[in-house]
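Enquirer: Right, I'll just put the structure down here and ask away after.
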Amino acid sequence: MKLDKQTFKLDRATGIGYFAIFAGIIGVAVCIFGFKKFHAQFFYAYLTSYIFWVTIGLGGLFFTLLHHLVDATWSVVLRRMTESVMAALPIMLVFFIPVCLGMDELYHWSHAEAVAHDELLQHKSAWLNPKLFSIRTLIYFVIWFIFGHFLYKISIKQDSEGDPEQKLKEKMRQISGPGMLLFALSITFAAFDWLMSLDPHWYSTIFGVYIFAGSLLSILSFITLLVVFLHKNNILNEEISIEHFHDLGKLIFAFTVFWTYIAFSQYFLIWYGNIPEETVWYLHRWDGNWYKVSLFIVFGHFVIPFLVLLSRVPKRNITMMTVMSIWMLVIHWVDLYWIILPNFNHHFHFSLIESVLNIATFLAVGGLFFAYFWFTFISQSIIPINDPKLKDSIKFVNS
Amino acid sequence: MSTDNGNSKIESNSVGCTPLITGNPTFSSITGRISEIVELEVKKTPKAWFIAFGITSTMTMAMSAMIGWLLWEGTGIWGLQNPAGWGWAIVNFVFWVGIGHAGTLISAILFLFRQKWRTSINRFAEAMTIFAVICAGMFPGIHVGRAWVAYWMFPLPNQMSMWPNFRSPLLWDVFAVSTYFTVSCLFWYVGLIPDLATLRDRATNKIRKIVYGIFALGWRGGNRQWQHYEKAYLILAGIATPLVLSVHTVVSFDFAVGVVPGWHTTIFPPYFVAGAIFSGFAMVMTLAVIARKIYSLEDFITLNHLECMNKIMLVTGTMVGYAYACEFFIAWYGGNVYEQSIFINRAKGPYSWAYWTMVTCNVIVPQLFWFRKFRRNIPWMFVASILINIGMWFERFVITVTSLSQDFLPSSWDYYVPTVFDIGIFIGSFGLFLTLFLLFLRFLPMIAIAEVKGVIPQADPHHYEHHDDEKH
């Protein structure tokens with residue numbers, strides 16, 4: 001893998017993409033087997049992997065929108081990466097098909113006979129029914145596609161045509177305004193639909209913000225790892241400096257606290273209110289061995305990253321940042337697993353099949369999503385070479 | 001750097017930044033311009049100041065008289081009745097605490113986010129924080145009924161072994177607000193030290209020299225002092241940042257931990273924080289527009305500063321709108337009939353006028369800030385900032401009163417009406433707030449002199465080198 005210093009495009013970098021496709025295909029093969037043999041188990045594993053990758057994609061969209069809205073300087077060198085993640089989002093619509101196929105297994109409210117015996121589900125059926133569920137998902141993806149597509153297209157245009165009068169930059173800012181509004185609504189309702197409705201009786205107004213917080217943390221970690229990988233190959237070593245790692249570290253730290261704040265707000269108010277219809281959700285996550293996972297999340301998603309990333313040194317240490325980014329991605333997955341699986345595996349017993357399915361679905365969705373992202377990424381300059389603030393971004397120093 | 005060698009395609013294209021402070025100031029002109037407001041002779045104080053001070057101090061005195069009557073007669077003089085045991089006093093408490101949040105956000109969070117434009121407004125926004133918290137703290141104090149034993153709110157060891165309820169969010173409020181007040185005062189004071197030393201050094205009479213000298217803590221502006229100062233400032237910013245979130249989170253707990261419909265919902269903490277910042281910025285805007293006009297500070301608080309503040313109002317206002325929408329949706333989705341009836345009642349019931357005032361002022365009005373034209377229109381932003389504060393006051397009114405006045409037992413429902421004492425004490429609290437603010441404008445530098453100097457181009461150590469480069 002080599003960087004063309006003229007165009008800032010990656011040469012001979014397709015290998016990673018093909019490797020990801022290969023991993024994806026192996027995953028798909030195991031998935032097909034799992035789908036036939038362990039129907040329900042497969043779908044729960046699949047949903048977890050799917051949400052994991054889609055939240056990374058959404059994080060990419062959010063980061064790009066935010067970058068334009070606040071007219072950030074430091075993150076210009078990272079912009080093309082988040083843009084490429086965002087541009088890979090539409091493929092997740094294809095991967096949503098298995099979720100639709102598994103609706104029967106995943107979503108209790110999709111059973112007509114269940115609804116017939118449950119007054120609450122009858123009340124909710126105006127919202128929670130398979131048809132509207134699919135239409136809404138389609139709408140979410142249309143929103144993400146439109147904004148992702150236009151932002152990416154203009155950004156590429158800026159590369160080829162230059163942007164001396166900053167018209168393209170201004171245009172991206174203008175798109176980002178309504179983009180942010182619709183992003184907030186769509187990720188909220190996607191979280192309600194895809195995850196909260198797994199337990200159709202339960203509700204929490206903050207749930208969308210909770211998923212958003214995890215999504216943002218995962219993209220920050222993903223980008224950090226991507227930069228580490230590029231640096232290992234001697235790419236962009238001068239353009240992306242330790243200062244950028246420092247800022248990424250600060251954001252990961254800040255949003256670890258934000259995630260905790262949101263998670264705590266939800267937990268605490270439900271615990272204190274002590275209304276059975278709300279507490280039942282946490283009760284399920286304390287049943288059997290689930291309490292171990294719950295405690296693991298408290299420590300893994302807050303205590304450890306908080307203590308590790310608090311001081312300046314680890315944020316300016318590539319090894320520490322690598323370890324913490326991997327850790328944050330792992331814990332993000334555990335967090336989603338903890339949201340999704342208690343609806344199926346009620347007491348959290350270890351099962352080999354489930355673990356294999358988790359890995360297989362992770363590879364299937366992740367491998368193909370990553371490959372799509374990677375080929376998008378290497379098809380263009382890997383930094384926005386004509387961004388008016390590029391030079392400032394490269395030179396930027398934390399005071 | 002690879003980008004600097006000739007064969008790289010990246011070319012220098014640094015954006016022509018508009019200066020934060022206009023009017024091409026020098027270090028000494030900044031010092032002079034801001035200090036002279038404080039150093040004016042009594043006779044030369046602007047007439048408008050005296051008129052304003054006369055009005056606000058009268059309001060404060062009137063409020064004091066009403067509070068005196070309240071203490072004598074009891075909280076029965078307020079419009080509180082069953083089932084609405086919380087009325088304007090709590091609404092005003094939440095309102096004033098919220099106002100304070102902008103100051104802390106500007107001084108702490110914007111500092112951590114490297115937003116240099118904050119230097120022009122942080123001083124008086126922080127001052128506003130402190131005064132707003134004073135007003136806020138007053139209301140629970142007088143609401144307890146027997147204000148002379150208000151200190152029982154603190155967990156003080158006593159011979160009766162009587163303790164406040166540690167499981168009550170009202171006690172957490174005592175801790176949260178007093179911590180907030182302490183840290184805000186410290187932060188504000190640490191920021192003031194170099195400026196107080198400037199005023200001391202410029203003082204032409206003895207009293208001024210002594211008074212400012214005492215408060216300047218022997219500041220000499222040496223290199224070591226500046227290093228310590230910057231470190232202390234950063235640490236205080238770090239400590240104040242979680243406070244921006246925690247104080248209003250605890251305030252939201254006052255409502256949300258209860259199982260009262262309309263109060264018990266998990267989005268309350270971040271929703272309250274966003275609302276607090278929203279209303280705080282509106283208040284900063286109202287005062288900034290007036291102060292910059294009267295003291296001709298247009299070069300320091302430029303249109304760009306005001307535009308940035310309008311953007312923050314747009315963001316936080318939209319967040320508040322998002323929370324309203326989420327609450328409404330989940331009230332329906334959750335399927336709880338009590339929750340549903342409260343929300344329908346808010347929109348259609350006896351308080352619908354208050355509800356729609358709130359929605360209009362908080363959600364619709366700030367949306368106009370999407371347009372640059374409105375963001376840079378001073379009369380409009382002034383009006384909008386006042387509307388937003390009206391809306392934010394009504395938000396707290398809607399939350400408190402609608403949920404209480406129609407409780408689980410329809411036979412006890414009643415329509416809450418404030419008395420003249422509710423209204424009078426609230427208006428009086430504005431008097432107190434503005435009196436303190438006017439005193440601040442008169443006796444302390446309303447703009448952080450040392451910090452503003454740091455953001456002008458000359459402050460860049462390489463400024464003169466570049467200047468030379470261009471000449472060659």
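Convention: chains lettered A, B, ... in structure tokens order; per-chain residue numbering from 1; ligands numbered from 1 as shown.
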Just the residues within 7 Å of Pro169 in chain B, please, counting only C-alpha atoms, with nothing from its chain fewer than 5 positions along; format it as a PyMOL selection string.
Expert: chain B and resi 250+253-254
Enquirer: Enumerate, in order of chain and increasing residue number, the residues of chain A with an atom no farther than 6 Å from chain B, each with its shortest atom pair and distance in Å to one decimal, counting only C-alpha atoms, as a Markdown table.
Expert:
| residue | atom | partner | partner_atom | distance |
| --- | --- | --- | --- | --- |
| A:Gln6 | CA | B:Lys9 | CA | 5.4 |
| A:Tyr203 | CA | B:Gly334 | CA | 5.8 |
| A:Ser204 | CA | B:Thr266 | CA | 5.9 |
| A:Thr205 | CA | B:Ile267 | CA | 5.2 |
| A:Ile206 | CA | B:Ile267 | CA | 4.4 |
| A:Gln266 | CA | B:Thr266 | CA | 5.1 |
| A:Leu269 | CA | B:Val257 | CA | 5.4 |
| A:Tyr272 | CA | B:Val257 | CA | 5.7 |
| A:Gly273 | CA | B:Val257 | CA | 5.4 |
| A:Pro388 | CA | B:Asn13 | CA | 5.6 |
Enquirer: Of the candidates A:Val365, A:Leu217, A:Ala29, A:Val323, which shows the shortest atom-to-atom distance to Phe62 in chain A, using only C-alpha atoms?
Expert: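 Using only C-alpha atoms, the shortest distance to Phe62 in chain A belongs to A:Leu217.
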Enquirer: Quick one: everything within 6 Å of range 424-439 of chain B, counting only C-alpha atoms, minus sequence neighbours fewer than 2 positions away in the same chain. Send it as a list in words.
Expert: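 Returned residues: Thr56, Ser57, Met59, Thr60, Met63, Phe131, Val420, Phe421, Asp422, Leu441 and Arg442 of chain B.
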Enquirer: Which residues are close to Ile297 in chain A, i.e. within 12 Å by only C-alpha atoms, leaving aside same-chain residues fewer than 5 positions away? Reply as a list in words.
Expert: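 Residues near the query, excluding close chain neighbours: Thr256, Trp259, Thr260, Ala263, Phe264, Arg285, Trp290, Tyr291, Lys292, Phe302, Val303, Ile304, Pro305, Trp327, Met328, Val330, Ile331, His332, Trp333, Val334, Asp335, Leu336, Tyr337, Trp338 and Ile339 of chain A.
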